[in-house]
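**Q** I'd like to ask some things about the structure below.
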Amino acid sequence: MDEAPGTVDLLVRDAVLVATVDDARRELDGGWVAIDAGLVSAVGGSGSAPPAARRVLHADNCLVTPGLVNTHHHIYQNLTRSYRPAVNGSLFEWLTTLYPRWSLIDEEAVYLSAWVGLAELALGGCTTTTDHLYVHPQGAGDLITAEIRAAQELGMRFHPTRGSMSLSEKDGGLPPDSVVQDDDEILAESERLVAAHHDPSWGAMVRIGLAPCSPFSVTPRLMRATAELAERLDVRLHTHLAEDPDEDTYAERAFGRRTVEHFEEVGWCSDRSWVAHCIYPSGGEVARLGAAGVGVAHCPSSNMVIGGGGMAPVAELRAAGSPVGIGCDGSASADAASLWMEARAALLLGRLRRGPQGMGARDALEIATRGSAGCLGRDGELGVLAPGAVGDLVCWPMEGVAFAGALSDPLEAWLRCGPVTARHTVVAGVPVVEDGRLTVAGEEDRLARHRAAARRVQGL
Ligand SMILES: [Zn+2]
């Protein structure tokens, strides 16, 4: 059969509203999105005719947004969710309780945790996620490649980071010797993974970043050498920063300066870096991080679970120039990985901090899309529905009892009502979730194997 000229791969049509989050922040009533060769080819509203398509997805009653982008996670921690001996400790106590459990992970456990974790993210409307895997037990195998395999099977866009720890208990650090590596081994392994997997091209499905666990879990020499390696390989840098007040006490003792000052001293304060949490920077530090263009992964559920009243200064960081994205974090967070829930938590926390003008649903959507794209160095490519951007989007059903009466502002209703999960999650023009279900088979098999792996790691 002959095809009409201009026929595209996929058309998503009949949305209640398409929130493009484009440069003009256009919101298109009755909108549609056309995707061809993995990229958005056109968007339009009810007044414009969509192109012919080989495949059509219906978005009736749906808000359509760009795919949400997760900028901070430790997916392997879904093997120890809500681990009873650790749930009520401080962050440092939580870590020292769990390191011996995590020392038991291997390629099989990491593959399964990634498959399940990425599936959970896709069902919740995420299309691109990073991962920060910093536990590499001796002899555990190639854990990063194992999780990339899971992402490729599911069709998710993936930015795993090669995490690292080089200071163990004997050096005054928190983790046991069995899960740390020496600096040269970490650097060699980082370079090997970038050569094997990193794709710098527009629309790439896999990119690698380099990610010492935190400035206090590796040597200053490794922080500097990692920044130099990232510069040479042109990849991004990620770490935890200013997550807990204990950090400044530790940094003062170990390095003689505040944790953000140490971050600057070791050559990380640049727009190549994005950091997780950033709850406790001083006003001057916010200004310096913003001026340098350091990105921040805001993890609102994690802020609340860690507790103590600390809330990341999101509005101040954005005003200072930092791209601020959303992150669900690992089990230090709410043990759930729904970016809808994180966007809602960001909305609520923003208003708790700064009053009703402090944050709206449009701000939260912008953080979860454009802001996250900025953290990953992919402005204009991810997190926006505009011609040339990646064909990643989510159809959110705004129907049923949870949305009854929400008629005047679908975007605000998206985060104020709910809970809601994705009807369709599309990555590079291909549905990963369709009608609320994964399109790839194997969910029950992976869950059964994940349960066995989790029991082994937890010693049950
Ligand atoms: Zn984290």
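Chains: A, B, ... in order of the structure tokens. Residues: from 1 per chain. Ligands: from 1, in order shown.
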Could you list, as number ranges by chain, all residues that come within 10 Å of ligand 1? Count only C-alpha atoms and all ligand atoms.
**A** A: 72-75, 131-134, 213-214, 239-241, 243, 275-277, 297, 299, 302, 327-333
**Q** Quick one: residues within 7 Å of segment 141-144 of chain A, only C-alpha atoms, excluding same-chain residues fewer than 2 positions away - as a PyMOL selection string?
**A** chain A and resi 106-107+110+139+146-148
**Q** Take the residues that were just selected and, keeping all heavy atoms, output them as a PDB file, in the first residue's frame.
**A**
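Output contents, as saved in out-v2.pdb:
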```pdb
ATOM      1  N   ASP A 106      25.446  -8.670  43.016  1.00  0.00           N
ATOM      2  CA  ASP A 106      26.237  -9.192  41.895  1.00  0.00           C
ATOM      3  C   ASP A 106      25.516  -8.827  40.595  1.00  0.00           C
ATOM      4  O   ASP A 106      24.492  -8.122  40.622  1.00  0.00           O
ATOM      5  CB  ASP A 106      26.445 -10.705  42.034  1.00  0.00           C
ATOM      6  CG  ASP A 106      25.122 -11.472  42.115  1.00  0.00           C
ATOM      7  OD1 ASP A 106      24.054 -10.878  41.820  1.00  0.00           O
ATOM      8  OD2 ASP A 106      25.146 -12.662  42.475  1.00  0.00           O
ATOM      9  N   GLU A 107      26.028  -9.302  39.465  1.00  0.00           N
ATOM     10  CA  GLU A 107      25.443  -8.916  38.176  1.00  0.00           C
ATOM     11  C   GLU A 107      23.964  -9.293  38.076  1.00  0.00           C
ATOM     12  O   GLU A 107      23.148  -8.528  37.576  1.00  0.00           O
ATOM     13  CB  GLU A 107      26.205  -9.578  37.019  1.00  0.00           C
ATOM     14  CG  GLU A 107      27.510  -8.892  36.685  1.00  0.00           C
ATOM     15  CD  GLU A 107      28.216  -9.530  35.500  1.00  0.00           C
ATOM     16  OE1 GLU A 107      27.571 -10.305  34.748  1.00  0.00           O
ATOM     17  OE2 GLU A 107      29.415  -9.268  35.336  1.00  0.00           O
ATOM     18  N   VAL A 110      21.834  -6.970  40.250  1.00  0.00           N
ATOM     19  CA  VAL A 110      21.784  -5.611  39.708  1.00  0.00           C
ATOM     20  C   VAL A 110      20.949  -5.575  38.424  1.00  0.00           C
ATOM     21  O   VAL A 110      20.167  -4.642  38.210  1.00  0.00           O
ATOM     22  CB  VAL A 110      23.209  -5.064  39.486  1.00  0.00           C
ATOM     23  CG1 VAL A 110      23.200  -3.816  38.616  1.00  0.00           C
ATOM     24  CG2 VAL A 110      23.854  -4.764  40.842  1.00  0.00           C
ATOM     25  N   GLY A 139      34.878  -8.621  42.897  1.00  0.00           N
ATOM     26  CA  GLY A 139      34.433  -9.851  42.250  1.00  0.00           C
ATOM     27  C   GLY A 139      32.968  -9.869  41.853  1.00  0.00           C
ATOM     28  O   GLY A 139      32.453 -10.911  41.435  1.00  0.00           O
ATOM     29  N   ALA A 146      25.378  -4.703  33.268  1.00  0.00           N
ATOM     30  CA  ALA A 146      24.188  -5.510  33.598  1.00  0.00           C
ATOM     31  C   ALA A 146      22.940  -4.626  33.633  1.00  0.00           C
ATOM     32  O   ALA A 146      21.872  -5.004  33.140  1.00  0.00           O
ATOM     33  CB  ALA A 146      24.379  -6.215  34.938  1.00  0.00           C
ATOM     34  N   GLU A 147      23.055  -3.416  34.184  1.00  0.00           N
ATOM     35  CA  GLU A 147      21.853  -2.575  34.236  1.00  0.00           C
ATOM     36  C   GLU A 147      21.544  -1.940  32.887  1.00  0.00           C
ATOM     37  O   GLU A 147      20.380  -1.716  32.555  1.00  0.00           O
ATOM     38  CB  GLU A 147      21.877  -1.569  35.386  1.00  0.00           C
ATOM     39  CG  GLU A 147      23.058  -0.690  35.510  1.00  0.00           C
ATOM     40  CD  GLU A 147      22.864   0.368  36.602  1.00  0.00           C
ATOM     41  OE1 GLU A 147      21.808   0.460  37.240  1.00  0.00           O
ATOM     42  OE2 GLU A 147      23.822   1.133  36.809  1.00  0.00           O
ATOM     43  N   ILE A 148      22.562  -1.688  32.083  1.00  0.00           N
ATOM     44  CA  ILE A 148      22.301  -1.189  30.729  1.00  0.00           C
ATOM     45  C   ILE A 148      21.515  -2.233  29.923  1.00  0.00           C
ATOM     46  O   ILE A 148      20.611  -1.890  29.154  1.00  0.00           O
ATOM     47  CB  ILE A 148      23.626  -0.811  30.027  1.00  0.00           C
ATOM     48  CG1 ILE A 148      24.225   0.440  30.684  1.00  0.00           C
ATOM     49  CG2 ILE A 148      23.420  -0.593  28.523  1.00  0.00           C
ATOM     50  CD1 ILE A 148      25.619   0.801  30.207  1.00  0.00           C
TER      51      ILE A 148
END
```
**Q** Measuring atom to atom with only C-alpha atoms, identify which of A:Pro356, A:Gly371, A:Gly45, A:Gly124 is nearest to His424 of chain A.
**A**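 Of A:Pro356, A:Gly371, A:Gly45, A:Gly124, the one nearest His424 of chain A, counting only C-alpha atoms, is A:Gly124.
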**Q** Which polymer residues have any atom within 9 Å of an atom of segment 442-449 of chain A, counting only C-alpha atoms, with same-chain residues fewer than 2 positions away left out, as a list in words?
**A**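 Answer for this query is Ala109, Leu112, Ser113, Trp115, Val116, Ala119, Leu438, Val440, Arg451, Ala452, Ala453 and Ala454 of chain A.
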**Q** Please provide the set of residues having any atom within 10 Å of Ala204 of chain A, restricted to only C-alpha atoms, with same-chain residues fewer than 6 positions apart removed, written as a PyMOL selection string.
**A** chain A and resi 157-159+198+381+390+428
**Q** If we count only C-alpha atoms, what is near segment 398-413 of chain A at a cut-off of 12 Å, once residues fewer than 6 positions away on the same chain are taken out, given as a PyMOL selection string?
**A** chain A and resi 15-21+27-30+59-65+343-344+347+359-366+419-423
**Q** Produce a file of the selected residues containing N, CA and C atoms, as an mmCIF file, in the first residue's frame.
**A**
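See selection.cif below for the written result:
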```cif
data_model
loop_
_atom_site.group_PDB
_atom_site.id
_atom_site.type_symbol
_atom_site.label_atom_id
_atom_site.label_comp_id
_atom_site.auth_asym_id
_atom_site.auth_seq_id
_atom_site.Cartn_x
_atom_site.Cartn_y
_atom_site.Cartn_z
ATOM 1 N N ALA A 15 -5.573 14.672 22.833
ATOM 2 C CA ALA A 15 -5.319 14.993 24.250
ATOM 3 C C ALA A 15 -6.249 16.102 24.710
ATOM 4 N N VAL A 16 -6.563 16.124 25.993
ATOM 5 C CA VAL A 16 -7.244 17.289 26.572
ATOM 6 C C VAL A 16 -6.333 18.498 26.414
ATOM 7 N N LEU A 17 -5.067 18.285 26.735
ATOM 8 C CA LEU A 17 -4.083 19.367 26.661
ATOM 9 C C LEU A 17 -2.711 18.745 26.424
ATOM 10 N N VAL A 18 -1.935 19.360 25.524
ATOM 11 C CA VAL A 18 -0.519 19.009 25.396
ATOM 12 C C VAL A 18 0.288 20.149 26.019
ATOM 13 N N ALA A 19 0.988 19.840 27.107
ATOM 14 C CA ALA A 19 1.871 20.830 27.742
ATOM 15 C C ALA A 19 3.256 20.636 27.132
ATOM 16 N N THR A 20 3.620 21.508 26.212
ATOM 17 C CA THR A 20 4.868 21.277 25.460
ATOM 18 C C THR A 20 6.113 21.563 26.290
ATOM 19 N N VAL A 21 5.984 22.478 27.290
ATOM 20 C CA VAL A 21 7.146 22.962 28.039
ATOM 21 C C VAL A 21 8.231 23.463 27.065
ATOM 22 N N GLU A 27 0.696 25.593 25.587
ATOM 23 C CA GLU A 27 -0.224 24.542 26.053
ATOM 24 C C GLU A 27 -1.329 24.445 25.008
ATOM 25 N N LEU A 28 -1.453 23.272 24.378
ATOM 26 C CA LEU A 28 -2.298 23.119 23.201
ATOM 27 C C LEU A 28 -3.544 22.306 23.541
ATOM 28 N N ASP A 29 -4.706 22.983 23.552
ATOM 29 C CA ASP A 29 -5.977 22.279 23.788
ATOM 30 C C ASP A 29 -6.246 21.313 22.641
ATOM 31 N N GLY A 30 -6.763 20.126 22.989
ATOM 32 C CA GLY A 30 -7.079 19.148 21.943
ATOM 33 C C GLY A 30 -5.861 18.768 21.123
ATOM 34 N N ALA A 59 -5.100 9.640 23.147
ATOM 35 C CA ALA A 59 -4.853 10.300 24.442
ATOM 36 C C ALA A 59 -6.125 10.962 24.955
ATOM 37 N N ASP A 60 -7.284 10.358 24.682
ATOM 38 C CA ASP A 60 -8.561 10.906 25.170
ATOM 39 C C ASP A 60 -8.501 11.074 26.681
ATOM 40 N N ASN A 61 -9.026 12.180 27.145
ATOM 41 C CA ASN A 61 -9.062 12.496 28.585
ATOM 42 C C ASN A 61 -7.675 12.652 29.204
ATOM 43 N N CYS A 62 -6.648 12.741 28.364
ATOM 44 C CA CYS A 62 -5.286 12.786 28.911
ATOM 45 C C CYS A 62 -4.653 14.176 28.826
ATOM 46 N N LEU A 63 -3.849 14.462 29.842
ATOM 47 C CA LEU A 63 -2.832 15.505 29.734
ATOM 48 C C LEU A 63 -1.596 14.842 29.137
ATOM 49 N N VAL A 64 -1.007 15.459 28.121
ATOM 50 C CA VAL A 64 0.244 14.935 27.553
ATOM 51 C C VAL A 64 1.377 15.875 27.937
ATOM 52 N N THR A 65 2.412 15.297 28.516
ATOM 53 C CA THR A 65 3.606 16.073 28.888
ATOM 54 C C THR A 65 4.837 15.424 28.259
ATOM 55 N N ALA A 343 7.176 14.990 41.657
ATOM 56 C CA ALA A 343 6.766 16.318 41.182
ATOM 57 C C ALA A 343 5.728 16.905 42.137
ATOM 58 N N ARG A 344 4.807 16.072 42.584
ATOM 59 C CA ARG A 344 3.800 16.539 43.554
ATOM 60 C C ARG A 344 4.465 16.926 44.875
ATOM 61 N N LEU A 347 6.033 20.219 44.535
ATOM 62 C CA LEU A 347 4.996 21.258 44.603
ATOM 63 C C LEU A 347 4.645 21.558 46.064
ATOM 64 N N MET A 359 5.351 27.797 44.631
ATOM 65 C CA MET A 359 5.510 26.757 43.605
ATOM 66 C C MET A 359 4.137 26.397 43.069
ATOM 67 N N GLY A 360 4.029 26.289 41.746
ATOM 68 C CA GLY A 360 2.815 25.809 41.113
ATOM 69 C C GLY A 360 3.118 24.538 40.337
ATOM 70 N N ALA A 361 2.068 23.911 39.811
ATOM 71 C CA ALA A 361 2.274 22.677 39.060
ATOM 72 C C ALA A 361 3.135 22.918 37.818
ATOM 73 N N ARG A 362 3.013 24.122 37.233
ATOM 74 C CA ARG A 362 3.840 24.401 36.050
ATOM 75 C C ARG A 362 5.319 24.465 36.411
ATOM 76 N N ASP A 363 5.622 25.008 37.583
ATOM 77 C CA ASP A 363 7.025 25.019 38.043
ATOM 78 C C ASP A 363 7.515 23.587 38.259
ATOM 79 N N ALA A 364 6.661 22.765 38.895
ATOM 80 C CA ALA A 364 7.076 21.388 39.181
ATOM 81 C C ALA A 364 7.280 20.601 37.889
ATOM 82 N N LEU A 365 6.389 20.812 36.910
ATOM 83 C CA LEU A 365 6.561 20.131 35.617
ATOM 84 C C LEU A 365 7.858 20.587 34.942
ATOM 85 N N GLU A 366 8.120 21.883 35.037
ATOM 86 C CA GLU A 366 9.334 22.403 34.409
ATOM 87 C C GLU A 366 10.594 21.799 35.050
ATOM 88 N N PRO A 419 -3.893 9.963 43.076
ATOM 89 C CA PRO A 419 -2.662 9.687 42.335
ATOM 90 C C PRO A 419 -2.939 9.194 40.915
ATOM 91 N N VAL A 420 -1.943 9.365 40.046
ATOM 92 C CA VAL A 420 -2.110 8.970 38.668
ATOM 93 C C VAL A 420 -0.827 8.314 38.167
ATOM 94 N N THR A 421 -0.998 7.329 37.336
ATOM 95 C CA THR A 421 0.143 6.706 36.646
ATOM 96 C C THR A 421 -0.076 6.863 35.144
ATOM 97 N N ALA A 422 0.914 6.499 34.378
ATOM 98 C CA ALA A 422 0.860 6.748 32.942
ATOM 99 C C ALA A 422 -0.099 5.791 32.243
ATOM 100 N N ARG A 423 -0.908 6.337 31.325
ATOM 101 C CA ARG A 423 -1.622 5.439 30.414
ATOM 102 C C ARG A 423 -0.649 4.950 29.335
#
```
**Q** With distances taken over only C-alpha atoms, which of A:Gly203, A:Gly117, A:Gly163, A:Pro212 is nearest to Ala225 of chain A?
**A**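 Using only C-alpha atoms, the shortest distance to Ala225 of chain A belongs to A:Pro212.
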**Q** I'd like the neighbourhood of segment 304-317 of chain A as a tab-separated table (two decimals) with C-alpha atoms, in the first residue's frame, where a residue qualifies if any of its atoms comes within 10 Å (using only C-alpha atoms), though same-chain residues fewer than 3 positions away should be ignored.
**A**
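Result went into result.tsv, see below:
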```
chain	number	residue	atom	x	y	z
A	87	VAL	CA	14.48	2.55	58.80
A	88	ASN	CA	14.76	4.88	61.79
A	89	GLY	CA	18.47	5.68	61.72
A	90	SER	CA	20.12	8.94	60.67
A	91	LEU	CA	21.49	9.00	57.13
A	94	TRP	CA	21.26	3.99	57.67
A	242	ALA	CA	25.08	18.96	51.21
A	243	GLU	CA	22.57	16.22	51.95
A	244	ASP	CA	22.95	16.20	55.72
A	245	PRO	CA	24.32	18.59	58.38
A	277	HIS	CA	20.05	17.07	47.25
A	278	CYS	CA	21.94	20.32	47.99
A	279	ILE	CA	19.80	20.96	51.06
A	280	TYR	CA	22.29	22.87	53.20
A	281	PRO	CA	24.28	25.33	51.06
A	282	SER	CA	24.74	28.80	52.56
A	283	GLY	CA	23.43	31.83	50.68
A	285	GLU	CA	27.31	28.94	48.25
A	286	VAL	CA	23.97	29.01	46.39
A	287	ALA	CA	25.21	32.06	44.48
A	288	ARG	CA	28.52	30.41	43.58
A	289	LEU	CA	26.92	27.09	42.52
A	290	GLY	CA	24.38	28.97	40.42
A	291	ALA	CA	26.95	31.24	38.79
A	293	GLY	CA	25.88	26.45	36.37
A	294	VAL	CA	26.11	23.42	38.68
A	295	GLY	CA	22.88	21.42	38.30
A	296	VAL	CA	20.89	20.18	41.29
A	297	ALA	CA	18.78	17.02	41.52
A	298	HIS	CA	15.99	17.98	43.92
A	299	CYS	CA	14.75	14.90	45.79
A	300	PRO	CA	11.78	16.19	47.80
A	301	SER	CA	10.60	12.87	49.29
A	320	ALA	CA	20.97	31.86	40.96
A	321	GLY	CA	21.30	30.02	37.65
A	322	SER	CA	21.41	26.33	38.56
A	323	PRO	CA	19.32	23.97	36.46
A	324	VAL	CA	17.19	22.15	39.04
A	325	GLY	CA	15.78	18.74	38.12
A	331	SER	CA	15.76	3.80	49.44
A	332	ALA	CA	16.95	6.83	51.40
A	333	SER	CA	13.87	8.38	49.86
A	334	ALA	CA	10.30	7.18	50.17
A	335	ASP	CA	11.15	3.73	48.77
A	345	ALA	CA	6.13	16.43	46.56
A	346	ALA	CA	8.19	19.24	45.02
A	349	LEU	CA	7.42	21.28	49.67
A	350	GLY	CA	7.86	24.45	47.60
A	352	LEU	CA	5.49	24.71	52.55
A	353	ARG	CA	8.75	26.66	52.29
A	354	ARG	CA	7.59	29.81	50.55
A	358	GLY	CA	6.20	29.50	46.11
A	359	MET	CA	5.51	26.76	43.60
A	363	ASP	CA	7.03	25.02	38.04
A	367	ILE	CA	11.71	21.04	37.06
```
**Q** Residues of segment 189-379 of chain A classed as helix (DSSP H, G or I) by DSSP on the backbone are to be reported as a ChimeraX atom specification.
**A** /A:189-197,220-233,245-255,259-265,283-292,300-306,314-320,339-354,361-375
